[in-house]
There are 2 protein chains.
Amino acid sequence: MNTRLAQRMEGFSPFFVMELLQRAKELERQGRNIIHMEIGEPDFSTPLRVVNAGMQQISDGSVKYTAAAGLPELRKKIAEFYKKTYGLDVPSQRIFITPGASGAFLLALGVTLNAGEEIIMADPCYPCNNNFVQFFGGRTKFVNVNEKTRYQLSADLIEKNWSKNTRGVLIASPSNPTGTLMSNLELKKIIQQVSKLGGHFFSDEIYHGLVYGKKASCALEYSDDVFVINSFSKYFSMTGWRIGWLIVPEQFIDPVERLAQNIFISTATHSQYAALAALSDENIIELESRKKEFKKRRDFLYKHLLRIGFDISVKPDGAFYIYANCSRFTKDSFQFAKDLLEQEGVAVTPGKDFGFYKANCHIRFAYTASIAKIEAAIKRLERFLCQ
Amino acid sequence: MNTRLAQRMEGFSPFFVMELLQRAKELERQGRNIIHMEIGEPDFSTPLRVVNAGMQQISDGSVKYTAAAGLPELRKKIAEFYKKTYGLDVPSQRIFITPGASGAFLLALGVTLNAGEEIIMADPCYPCNNNFVQFFGGRTKFVNVNEKTRYQLSADLIEKNWSKNTRGVLIASPSNPTGTLMSNLELKKIIQQVSKLGGHFFSDEIYHGLVYGKKASCALEYSDDVFVINSFSKYFSMTGWRIGWLIVPEQFIDPVERLAQNIFISTATHSQYAALAALSDENIIELESRKKEFKKRRDFLYKHLLRIGFDISVKPDGAFYIYANCSRFTKDSFQFAKDLLEQEGVAVTPGKDFGFYKANCHIRFAYTASIAKIEAAIKRLERFLCQ
């Protein structure tokens, strides 16, 4: 029996929330009512016009490979979306359709990152982003961030943490787990800083559609020499379709295309046709009304978490997460999450899934559940904390 | 402008056929009739019962992530398929649903191959397989194969080419581009040899459904300590759905799951439901009748290619390719393919897309076109050769 594992797997951090998820399912099988606030997936269904476009395309069975970079009409439609949303002219040749944002990360890091090189990321951050770096034999240089920089990196922090092995910087704004947005000024400064240092800049913009009462800037507003990762999963409620996109600097079009041809062949065809409909004006109107609902949930959850004693030092601007400090109640947020699930049937994600810095003092709440459910969860939390 | 590319991209071989494909499209836009024999994609549509199952699942918009390893019922159904097809008991926990065979390769090599290590493959072989190895910073040890071993590796060849850096062996049987099957005895010997040498064995079985008048053995018949890659694309006519599967040795279940969670999240949900229907008994009956059609095409194309002067030293057993020696007509099969396209509108794939060994003497014909089209192509070829 051959048990030799590739070295890259050593650095792969596990998802602690999986243990909670499995236990939640067990409890549900036993008949317990569980309120899910651990999942980074919109509770909304895919809008029916999007579904119908996907169904229309497959109805005659002609579901063939597309070009590796994606359907030309979808790439063009995304280019139009950038014009409307950010006033940007992005040549559609720079836009690659990918199997989720996951596919976009594989391409972006695949063409740039060598084994042994470092990518700078904020701690806390989304765990897969570090694992993508591990996948290529790279190392993540985690930089602790806190309320002073709205849980985001800054140009200063990047300069201080740059080494001869640093290959680039990855930011996610709004951030998962904190939901906080980087200021436009800081984004601009960071992009200039990274350029000066000769690195690559990767901008994870998958929560851009879900920013409440502010406007997120696209990294492309400040430079064409950046990689932008985006997805139809979150704002567009299309998780299970597995479709996202990557915008690359012009000089990377050829290698990214070569890589996509080899490691994906293409992205699921019907998902691409569905995505075309997802970008239609009527659909955006529906999504904007969903966004209002997410904003209500954020405001509701934020208010009540503060009221019952959680500390949230920066009000989140977007995504559908609140990263709450629970140090008033526990020094072990993973145990706290386990107990909360067992006793009250509320599932949340422990901070240690998002890094190391003050991870044991934090819990991530996802407001991917209705206000009624969030209200019930708050009642359960209150009862749990009073024990 | 930052132009630094990751080193892994240096070893990425391009697809020469892309140049021909682009030119073929140009000619079609000009009104020329092109017969496509370059494409490794069945001309058959996805059967309607499979389409309907996919549509049924998405119709209410509830298209959510599945477990990273795939729908439990699909994994179970694939396990049943192995029982029926090979008489094998494969625990469904060892079966992972992936975005095409491409995804299966990413997982299998991702958990086993370190940068700098070698994988042994036959030359000629499918070009992506080498590029997957490059993707992980590995090296492909190409071993020239010819009619003596039916264009497949042998236990002897593997022993001779093994070095201290060798991590494993990848075979594809039936082979792309040659369509030839490895004998069951040799497969068994190779698996034993690789095990003795302490390597991993990867069996690309994506053309297993398309073997004519023989029965292909699954690598799992000889050992549980192998990786088996398969796909719904070819036999099941589901290319654009992007769905395949990987079977792993038990000791790799955990790392493969961890990797899949991080680099894919999951495979497209509706494709998984469609695949469930694809494995139904009624569907297999339809696919078996398509297989008969492929066999007719092989026999027809084989006979006529020989008649007009191509040399095919081993009659292909499966897949939908014939790898024909054209050295009687040219010393540069790429130029030959270009001229054939320009003059007669027949598109084929040059040997240099499949390796180095006698590549300039070979052309790959795909019989993913009707007999009528193949007949027309043969007439055009005859005219082309008489000039």
# chains A, B, ... in the order shown; residues from 1 in each chain; ligands from 1
>>> closest_atom_pairs(of="chain A", to="chain B", cutoff="7 Å", atoms="only C-alpha atoms", output="Markdown table")
| residue | atom | partner | partner_atom | distance |
| --- | --- | --- | --- | --- |
| A:Met1 | CA | B:Asp225 | CA | 6.2 |
| A:Asn2 | CA | B:Gly198 | CA | 6.7 |
| A:Thr3 | CA | B:Gln251 | CA | 6.6 |
| A:Arg4 | CA | B:Thr112 | CA | 6.9 |
| A:Leu5 | CA | B:Thr112 | CA | 5.1 |
| A:Ala6 | CA | B:Thr112 | CA | 4.4 |
| A:Gln7 | CA | B:Asn114 | CA | 6.4 |
| A:Met9 | CA | B:Val111 | CA | 6.5 |
| A:Pro14 | CA | B:Arg258 | CA | 6.9 |
| A:Ser45 | CA | B:Gly61 | CA | 4.9 |
| A:Thr46 | CA | B:Gly61 | CA | 4.6 |
| A:Pro47 | CA | B:Gly61 | CA | 6.4 |
| A:Leu48 | CA | B:Gly61 | CA | 6.2 |
| A:Val51 | CA | B:Gly61 | CA | 6.0 |
| A:Met55 | CA | B:Met55 | CA | 5.7 |
| A:Ile58 | CA | B:Val51 | CA | 6.5 |
| A:Ser59 | CA | B:Val51 | CA | 6.4 |
| A:Gly61 | CA | B:Thr46 | CA | 4.6 |
| A:Ser62 | CA | B:Ser45 | CA | 5.0 |
| A:Val63 | CA | B:Gly240 | CA | 4.8 |
| A:Lys64 | CA | B:Gly240 | CA | 4.2 |
| A:Tyr65 | CA | B:Gly240 | CA | 4.4 |
| A:Ser102 | CA | B:Ile263 | CA | 5.6 |
| A:Val111 | CA | B:Ala6 | CA | 5.1 |
| A:Thr112 | CA | B:Ala6 | CA | 4.4 |
| A:Leu113 | CA | B:Ala6 | CA | 5.3 |
| A:Asn114 | CA | B:Ala6 | CA | 5.4 |
| A:Cys128 | CA | B:Asn262 | CA | 5.3 |
| A:Asn131 | CA | B:Asn262 | CA | 6.7 |
| A:Phe132 | CA | B:Ile263 | CA | 7.0 |
| A:Phe136 | CA | B:Phe136 | CA | 7.0 |
| A:Gly198 | CA | B:Asn2 | CA | 6.7 |
| A:Asp225 | CA | B:Met1 | CA | 6.2 |
| A:Met238 | CA | B:Val63 | CA | 6.8 |
| A:Thr239 | CA | B:Lys64 | CA | 5.5 |
| A:Gly240 | CA | B:Lys64 | CA | 4.2 |
| A:Trp241 | CA | B:Ala268 | CA | 5.0 |
| A:Arg242 | CA | B:Ala268 | CA | 5.4 |
| A:Gln251 | CA | B:Thr3 | CA | 6.5 |
| A:Arg258 | CA | B:Pro14 | CA | 6.9 |
| A:Asn262 | CA | B:Cys128 | CA | 5.3 |
| A:Ile263 | CA | B:Ser102 | CA | 5.6 |
| A:Phe264 | CA | B:Ser102 | CA | 5.7 |
| A:Thr267 | CA | B:Arg242 | CA | 6.9 |
| A:Ala268 | CA | B:Trp241 | CA | 5.0 |
| A:Thr269 | CA | B:Gly240 | CA | 5.2 |
>>> write_last_selection(atoms="C-alpha atoms", output="short mmCIF file (atom, residue, chain, number, x, y, z; two decimals), in the first residue's frame")
data_model
loop_
_atom_site.label_atom_id
_atom_site.label_comp_id
_atom_site.auth_asym_id
_atom_site.auth_seq_id
_atom_site.Cartn_x
_atom_site.Cartn_y
_atom_site.Cartn_z
CA MET A 1 0.00 0.00 0.00
CA ASN A 2 1.52 3.26 -1.13
CA THR A 3 0.76 6.06 1.32
CA ARG A 4 3.19 8.75 0.14
CA LEU A 5 1.35 12.05 -0.09
CA ALA A 6 2.53 15.04 -2.10
CA GLN A 7 4.18 17.67 0.09
CA MET A 9 -1.00 18.52 1.14
CA PRO A 14 -8.78 21.63 7.15
CA SER A 45 -32.91 30.14 -5.37
CA THR A 46 -31.48 30.92 -8.78
CA PRO A 47 -33.95 33.33 -10.46
CA LEU A 48 -36.29 31.47 -12.80
CA VAL A 51 -32.92 28.66 -14.80
CA MET A 55 -32.85 24.68 -19.51
CA ILE A 58 -29.77 21.91 -22.90
CA SER A 59 -33.29 20.99 -24.03
CA GLY A 61 -29.23 17.69 -25.87
CA SER A 62 -26.64 19.62 -27.81
CA VAL A 63 -24.40 20.21 -24.81
CA LYS A 64 -20.93 20.42 -26.31
CA TYR A 65 -17.61 21.83 -25.15
CA SER A 102 -12.23 28.34 -7.64
CA VAL A 111 0.32 31.18 -14.33
CA THR A 112 2.16 33.32 -11.77
CA LEU A 113 3.18 31.48 -8.61
CA ASN A 114 6.25 29.28 -8.28
CA CYS A 128 -9.36 28.25 0.46
CA ASN A 131 -4.93 26.48 0.29
CA PHE A 132 -4.71 27.56 -3.35
CA PHE A 136 1.11 25.40 -6.02
CA GLY A 198 7.29 44.16 -8.87
CA ASP A 225 -1.99 45.02 -14.56
CA MET A 238 -25.84 30.47 -8.66
CA THR A 239 -23.59 28.40 -6.38
CA GLY A 240 -24.44 24.95 -7.75
CA TRP A 241 -23.91 26.06 -11.36
CA ARG A 242 -20.20 26.44 -10.64
CA GLN A 251 0.20 39.89 -21.31
CA ARG A 258 -3.28 27.55 -22.56
CA ASN A 262 -5.49 21.89 -20.38
CA ILE A 263 -6.92 21.84 -16.87
CA PHE A 264 -10.63 22.49 -17.57
CA THR A 267 -16.80 25.42 -18.15
CA ALA A 268 -20.22 23.69 -18.08
CA THR A 269 -22.06 24.90 -21.18
#
>>> select_by_dssp(residues="segment 118-230 of chain B", states="strand (DSSP E)", output="PDB file with N, CA and C atoms, in the first residue's frame")
ATOM      1  N   GLU B 118       8.887  12.467 -11.560  1.00  0.00           N
ATOM      2  CA  GLU B 118       8.526  12.042 -12.917  1.00  0.00           C
ATOM      3  C   GLU B 118       7.336  11.096 -12.952  1.00  0.00           C
ATOM      4  N   ILE B 119       6.565  11.245 -14.010  1.00  0.00           N
ATOM      5  CA  ILE B 119       5.503  10.291 -14.322  1.00  0.00           C
ATOM      6  C   ILE B 119       5.839   9.698 -15.698  1.00  0.00           C
ATOM      7  N   ILE B 120       5.784   8.389 -15.786  1.00  0.00           N
ATOM      8  CA  ILE B 120       6.066   7.710 -17.057  1.00  0.00           C
ATOM      9  C   ILE B 120       4.780   7.623 -17.889  1.00  0.00           C
ATOM     10  N   MET B 121       4.894   8.004 -19.154  1.00  0.00           N
ATOM     11  CA  MET B 121       3.752   7.913 -20.086  1.00  0.00           C
ATOM     12  C   MET B 121       4.255   7.412 -21.435  1.00  0.00           C
ATOM     13  N   ALA B 122       3.326   6.845 -22.184  1.00  0.00           N
ATOM     14  CA  ALA B 122       3.643   6.435 -23.547  1.00  0.00           C
ATOM     15  C   ALA B 122       3.758   7.665 -24.444  1.00  0.00           C
ATOM     16  N   ASP B 123       4.599   7.577 -25.449  1.00  0.00           N
ATOM     17  CA  ASP B 123       4.625   8.559 -26.532  1.00  0.00           C
ATOM     18  C   ASP B 123       4.307   7.776 -27.804  1.00  0.00           C
ATOM     19  N   ARG B 139       7.784  16.220 -14.132  1.00  0.00           N
ATOM     20  CA  ARG B 139       8.314  15.981 -15.487  1.00  0.00           C
ATOM     21  C   ARG B 139       7.705  14.692 -16.030  1.00  0.00           C
ATOM     22  N   THR B 140       7.407  14.713 -17.316  1.00  0.00           N
ATOM     23  CA  THR B 140       6.908  13.503 -17.944  1.00  0.00           C
ATOM     24  C   THR B 140       8.074  12.760 -18.567  1.00  0.00           C
ATOM     25  N   LYS B 141       8.210  11.497 -18.222  1.00  0.00           N
ATOM     26  CA  LYS B 141       9.200  10.649 -18.885  1.00  0.00           C
ATOM     27  C   LYS B 141       8.460   9.946 -20.017  1.00  0.00           C
ATOM     28  N   PHE B 142       8.636  10.484 -21.227  1.00  0.00           N
ATOM     29  CA  PHE B 142       7.974   9.882 -22.381  1.00  0.00           C
ATOM     30  C   PHE B 142       8.723   8.625 -22.806  1.00  0.00           C
ATOM     31  N   VAL B 143       7.997   7.559 -23.002  1.00  0.00           N
ATOM     32  CA  VAL B 143       8.607   6.316 -23.473  1.00  0.00           C
ATOM     33  C   VAL B 143       8.013   5.999 -24.852  1.00  0.00           C
ATOM     34  N   ASN B 144       8.899   5.919 -25.834  1.00  0.00           N
ATOM     35  CA  ASN B 144       8.425   5.637 -27.194  1.00  0.00           C
ATOM     36  C   ASN B 144       7.750   4.268 -27.258  1.00  0.00           C
ATOM     37  N   THR B 166      11.196   8.805 -10.267  1.00  0.00           N
ATOM     38  CA  THR B 166       9.893   8.411 -10.813  1.00  0.00           C
ATOM     39  C   THR B 166       8.875   8.260  -9.697  1.00  0.00           C
ATOM     40  N   ARG B 167       7.722   8.872  -9.886  1.00  0.00           N
ATOM     41  CA  ARG B 167       6.682   8.783  -8.867  1.00  0.00           C
ATOM     42  C   ARG B 167       5.566   7.834  -9.277  1.00  0.00           C
ATOM     43  N   GLY B 168       5.425   7.642 -10.575  1.00  0.00           N
ATOM     44  CA  GLY B 168       4.339   6.762 -10.980  1.00  0.00           C
ATOM     45  C   GLY B 168       4.230   6.618 -12.484  1.00  0.00           C
ATOM     46  N   VAL B 169       3.194   5.896 -12.884  1.00  0.00           N
ATOM     47  CA  VAL B 169       2.958   5.583 -14.292  1.00  0.00           C
ATOM     48  C   VAL B 169       1.507   5.920 -14.618  1.00  0.00           C
ATOM     49  N   LEU B 170       1.331   6.551 -15.783  1.00  0.00           N
ATOM     50  CA  LEU B 170      -0.025   6.826 -16.258  1.00  0.00           C
ATOM     51  C   LEU B 170      -0.243   6.079 -17.564  1.00  0.00           C
ATOM     52  N   ILE B 171      -1.271   5.257 -17.602  1.00  0.00           N
ATOM     53  CA  ILE B 171      -1.620   4.647 -18.886  1.00  0.00           C
ATOM     54  C   ILE B 171      -3.041   5.061 -19.267  1.00  0.00           C
ATOM     55  N   ALA B 172      -3.279   5.120 -20.556  1.00  0.00           N
ATOM     56  CA  ALA B 172      -4.624   5.370 -21.074  1.00  0.00           C
ATOM     57  C   ALA B 172      -4.924   4.233 -22.024  1.00  0.00           C
ATOM     58  N   HIS B 200       2.994   5.098  -7.863  1.00  0.00           N
ATOM     59  CA  HIS B 200       1.538   5.165  -8.001  1.00  0.00           C
ATOM     60  C   HIS B 200       1.151   4.777  -9.426  1.00  0.00           C
ATOM     61  N   PHE B 201      -0.026   4.170  -9.563  1.00  0.00           N
ATOM     62  CA  PHE B 201      -0.506   3.802 -10.883  1.00  0.00           C
ATOM     63  C   PHE B 201      -1.803   4.562 -11.181  1.00  0.00           C
ATOM     64  N   PHE B 202      -1.793   5.272 -12.303  1.00  0.00           N
ATOM     65  CA  PHE B 202      -2.947   6.062 -12.725  1.00  0.00           C
ATOM     66  C   PHE B 202      -3.509   5.460 -14.006  1.00  0.00           C
ATOM     67  N   SER B 203      -4.789   5.091 -13.973  1.00  0.00           N
ATOM     68  CA  SER B 203      -5.397   4.447 -15.133  1.00  0.00           C
ATOM     69  C   SER B 203      -6.470   5.356 -15.723  1.00  0.00           C
ATOM     70  N   ASP B 204      -6.168   5.889 -16.900  1.00  0.00           N
ATOM     71  CA  ASP B 204      -7.117   6.756 -17.605  1.00  0.00           C
ATOM     72  C   ASP B 204      -8.047   5.850 -18.407  1.00  0.00           C
ATOM     73  N   PHE B 227      -5.237   4.582  -8.932  1.00  0.00           N
ATOM     74  CA  PHE B 227      -6.167   5.685  -9.191  1.00  0.00           C
ATOM     75  C   PHE B 227      -6.821   5.441 -10.550  1.00  0.00           C
ATOM     76  N   VAL B 228      -8.145   5.475 -10.595  1.00  0.00           N
ATOM     77  CA  VAL B 228      -8.858   5.273 -11.856  1.00  0.00           C
ATOM     78  C   VAL B 228      -9.592   6.557 -12.222  1.00  0.00           C
ATOM     79  N   ILE B 229      -9.328   7.043 -13.432  1.00  0.00           N
ATOM     80  CA  ILE B 229      -9.946   8.274 -13.928  1.00  0.00           C
ATOM     81  C   ILE B 229     -10.975   7.889 -14.989  1.00  0.00           C
ATOM     82  N   ASN B 230     -12.187   8.419 -14.864  1.00  0.00           N
ATOM     83  CA  ASN B 230     -13.189   8.153 -15.877  1.00  0.00           C
ATOM     84  C   ASN B 230     -14.065   9.390 -16.078  1.00  0.00           C
TER      85      ASN B 230
END
>>> residues_around(residues="Pro72 of chain B", least_positions_apart="2", cutoff="12 Å", atoms="only C-alpha atoms", output="VMD selection string")
chain B and resid 66 to 70 74 to 79 91 to 97 272 to 273 276
>>> write_last_selection(atoms="C-alpha atoms", output="short mmCIF file (atom, residue, chain, number, x, y, z; two decimals), in the first residue's frame")
data_model
loop_
_atom_site.label_atom_id
_atom_site.label_comp_id
_atom_site.auth_asym_id
_atom_site.auth_seq_id
_atom_site.Cartn_x
_atom_site.Cartn_y
_atom_site.Cartn_z
CA THR B 66 -23.32 19.52 -3.24
CA ALA B 67 -20.80 17.75 -1.03
CA ALA B 68 -17.30 18.16 -2.49
CA ALA B 69 -17.07 14.43 -3.22
CA GLY B 70 -20.38 14.53 -5.07
CA LEU B 74 -24.43 9.30 -7.71
CA ARG B 75 -21.38 7.83 -5.99
CA LYS B 76 -23.49 4.81 -5.03
CA LYS B 77 -24.81 4.49 -8.59
CA ILE B 78 -21.27 4.51 -9.96
CA ALA B 79 -20.34 1.79 -7.45
CA PRO B 91 -16.95 1.30 -1.82
CA SER B 92 -18.69 4.53 -2.86
CA GLN B 93 -16.49 6.44 -0.36
CA ARG B 94 -13.60 5.87 -2.77
CA ILE B 95 -15.50 7.47 -5.66
CA PHE B 96 -15.22 11.23 -6.21
CA ILE B 97 -17.35 13.19 -8.67
CA GLN B 272 -24.61 15.32 -11.31
CA TYR B 273 -28.35 14.68 -11.50
CA LEU B 276 -27.49 9.72 -12.38
#
>>> residues_around(residues="Arg150 of chain B", least_positions_apart="3", cutoff="8 Å", atoms="only C-alpha atoms", output="list in words")
Val145, Asn146, Glu147, Thr180, Leu181, Met182 and Val314 of chain B
>>> residues_around(residues="Asp317 of chain A", least_positions_apart="4", cutoff="10 Å", atoms="only C-alpha atoms", output="list in words")
Ser173, Pro174, Ser175, Thr178, Gly179, Thr180, Leu181, Met182, Leu210, Val211, Tyr212, Gly213, Lys214, Lys215, Ala216, Lys295, Arg298, Tyr321 and Ile322 of chain A
>>> write_last_selection(atoms="N, CA and C atoms", output="CSV table (one decimal), in the first residue's frame")
chain,number,residue,atom,x,y,z
A,173,SER,N,-12.2,42.0,-1.0
A,173,SER,CA,-12.9,43.2,-0.4
A,173,SER,C,-14.3,43.2,-1.2
A,174,PRO,N,-15.4,43.1,-0.5
A,174,PRO,CA,-15.6,42.8,1.0
A,174,PRO,C,-14.9,41.5,1.3
A,175,SER,N,-14.5,41.5,2.6
A,175,SER,CA,-13.8,40.3,3.1
A,175,SER,C,-14.7,39.2,3.6
A,178,THR,N,-15.0,39.0,7.4
A,178,THR,CA,-15.4,40.2,8.2
A,178,THR,C,-16.4,41.0,7.5
A,179,GLY,N,-16.6,40.9,6.2
A,179,GLY,CA,-17.6,41.7,5.4
A,179,GLY,C,-17.1,43.1,5.2
A,180,THR,N,-15.9,43.4,5.6
A,180,THR,CA,-15.5,44.8,5.6
A,180,THR,C,-14.8,45.1,4.2
A,181,LEU,N,-15.0,46.4,3.8
A,181,LEU,CA,-14.6,46.8,2.5
A,181,LEU,C,-13.3,47.6,2.7
A,182,MET,N,-12.4,47.5,1.8
A,182,MET,CA,-11.2,48.3,1.8
A,182,MET,C,-11.6,49.7,1.2
A,210,LEU,N,-22.6,42.5,-3.4
A,210,LEU,CA,-23.3,42.6,-2.1
A,210,LEU,C,-22.6,43.6,-1.2
A,211,VAL,N,-22.7,44.9,-1.5
A,211,VAL,CA,-22.1,45.9,-0.7
A,211,VAL,C,-23.3,46.9,-0.4
A,212,TYR,N,-23.5,47.3,0.9
A,212,TYR,CA,-24.7,48.0,1.3
A,212,TYR,C,-24.4,49.4,1.6
A,213,GLY,N,-25.0,50.3,0.7
A,213,GLY,CA,-24.9,51.7,1.0
A,213,GLY,C,-23.6,52.4,0.6
A,214,LYS,N,-22.7,51.6,0.0
A,214,LYS,CA,-21.4,52.1,-0.5
A,214,LYS,C,-21.2,51.6,-1.9
A,215,LYS,N,-20.1,52.0,-2.5
A,215,LYS,CA,-19.8,51.4,-3.8
A,215,LYS,C,-18.4,50.9,-3.8
A,216,ALA,N,-18.3,49.6,-4.1
A,216,ALA,CA,-16.9,49.0,-4.1
A,216,ALA,C,-16.2,49.4,-5.4
A,295,LYS,N,-29.3,43.4,3.2
A,295,LYS,CA,-29.0,44.6,4.0
A,295,LYS,C,-29.8,44.6,5.3
A,298,ARG,N,-28.5,42.1,7.6
A,298,ARG,CA,-27.2,42.6,8.3
A,298,ARG,C,-27.5,43.5,9.4
A,321,TYR,N,-21.8,38.2,6.0
A,321,TYR,CA,-21.1,37.7,7.2
A,321,TYR,C,-21.0,38.7,8.2
A,322,ILE,N,-21.0,38.3,9.5
A,322,ILE,CA,-20.6,39.2,10.6
A,322,ILE,C,-19.6,38.4,11.4
>>> residues_around(residues="segment 360-366 of chain B", least_positions_apart="4", cutoff="7 Å", atoms="only C-alpha atoms", output="list in words")
Met37, Glu38, Ile39, Gly40, Pro177, Phe320, Tyr321, Ile322, Tyr323, Ala324, Asn325, Cys326, Ser327, Lys331, Asp332, Ser333, Phe334, Val348, Thr349, Pro350, Gly351 and Lys352 of chain B
>>> select_by_dssp(residues="segment 29-273 of chain A", states="alpha helix (DSSP H)", output="ChimeraX atom specification")
/A:29,48-58,72-86,100-110,127-135,155-161,184-196,253-263,269-273
>>> write_last_selection(atoms="C-alpha atoms", output="short mmCIF file (atom, residue, chain, number, x, y, z; two decimals), in the first residue's frame")
data_model
loop_
_atom_site.label_atom_id
_atom_site.label_comp_id
_atom_site.auth_asym_id
_atom_site.auth_seq_id
_atom_site.Cartn_x
_atom_site.Cartn_y
_atom_site.Cartn_z
CA ARG A 29 -31.79 13.33 11.25
CA LEU A 48 -36.29 31.47 -12.80
CA ARG A 49 -35.32 33.45 -15.90
CA VAL A 50 -31.76 32.23 -15.35
CA VAL A 51 -32.92 28.66 -14.80
CA ASN A 52 -35.02 28.83 -17.95
CA ALA A 53 -32.10 30.07 -20.02
CA GLY A 54 -30.02 27.14 -18.79
CA MET A 55 -32.85 24.68 -19.51
CA GLN A 56 -33.48 26.18 -22.94
CA GLN A 57 -29.88 25.55 -23.91
CA ILE A 58 -29.77 21.91 -22.90
CA PRO A 72 -17.71 34.74 -26.76
CA GLU A 73 -21.16 36.27 -26.10
CA LEU A 74 -20.82 35.73 -22.34
CA ARG A 75 -17.34 37.30 -22.28
CA LYS A 76 -18.76 40.26 -24.20
CA LYS A 77 -21.72 40.52 -21.83
CA ILE A 78 -19.37 40.58 -18.84
CA ALA A 79 -17.37 43.34 -20.54
CA GLU A 80 -20.63 45.33 -20.86
CA PHE A 81 -21.33 44.63 -17.18
CA TYR A 82 -18.00 46.27 -16.27
CA LYS A 83 -18.88 49.28 -18.39
CA LYS A 84 -22.25 49.66 -16.66
CA THR A 85 -21.08 48.87 -13.16
CA TYR A 86 -17.70 50.58 -13.00
CA GLY A 100 -16.52 29.03 -10.15
CA ALA A 101 -14.14 31.51 -8.59
CA SER A 102 -12.23 28.34 -7.64
CA GLY A 103 -11.31 27.90 -11.30
CA ALA A 104 -10.30 31.54 -11.52
CA PHE A 105 -7.87 31.12 -8.60
CA LEU A 106 -6.36 28.00 -10.22
CA LEU A 107 -5.67 29.95 -13.40
CA ALA A 108 -4.45 33.18 -11.80
CA LEU A 109 -2.05 31.56 -9.36
CA GLY A 110 -1.21 28.78 -11.82
CA PRO A 127 -9.29 29.51 4.06
CA CYS A 128 -9.36 28.25 0.46
CA ASN A 129 -7.29 31.24 -0.63
CA ASN A 130 -4.39 30.04 1.49
CA ASN A 131 -4.93 26.48 0.29
CA PHE A 132 -4.71 27.56 -3.35
CA VAL A 133 -1.27 28.93 -2.57
CA GLN A 134 -0.32 25.64 -0.87
CA PHE A 135 -1.62 23.79 -3.94
CA ALA A 155 0.03 49.64 1.65
CA ASP A 156 2.15 50.06 4.79
CA LEU A 157 1.50 46.53 6.02
CA ILE A 158 2.40 45.18 2.59
CA GLU A 159 5.65 47.09 2.44
CA LYS A 160 6.61 45.87 5.92
CA ASN A 161 5.85 42.25 5.09
CA ASN A 184 -10.88 53.08 -2.50
CA LEU A 185 -7.89 55.20 -1.58
CA GLU A 186 -6.15 52.30 0.17
CA LEU A 187 -6.94 49.95 -2.71
CA LYS A 188 -5.29 52.40 -5.10
CA LYS A 189 -2.27 52.80 -2.83
CA ILE A 190 -1.85 49.05 -2.47
CA ILE A 191 -2.01 48.46 -6.21
CA GLN A 192 0.65 51.13 -6.75
CA GLN A 193 2.76 49.69 -3.94
CA VAL A 194 2.59 46.14 -5.33
CA SER A 195 3.44 47.41 -8.79
CA LYS A 196 6.44 49.31 -7.42
CA ILE A 253 -4.09 36.14 -22.07
CA ASP A 254 -2.06 33.49 -23.90
CA PRO A 255 -0.74 31.51 -20.93
CA VAL A 256 -4.09 31.64 -19.13
CA GLU A 257 -5.84 30.33 -22.22
CA ARG A 258 -3.28 27.55 -22.56
CA LEU A 259 -3.75 26.61 -18.92
CA ALA A 260 -7.56 26.69 -19.15
CA GLN A 261 -7.52 24.46 -22.24
CA ASN A 262 -5.49 21.89 -20.38
CA ILE A 263 -6.92 21.84 -16.87
CA THR A 269 -22.06 24.90 -21.18
CA HIS A 270 -25.56 25.34 -19.75
CA SER A 271 -24.13 27.25 -16.79
CA GLN A 272 -22.62 29.67 -19.29
CA TYR A 273 -25.96 30.21 -21.03
#
>>> atom_distance(atom1="atom CA of Ile247 of chain B", atom2="atom CA of Cys218 of chain B")
11.1 Å
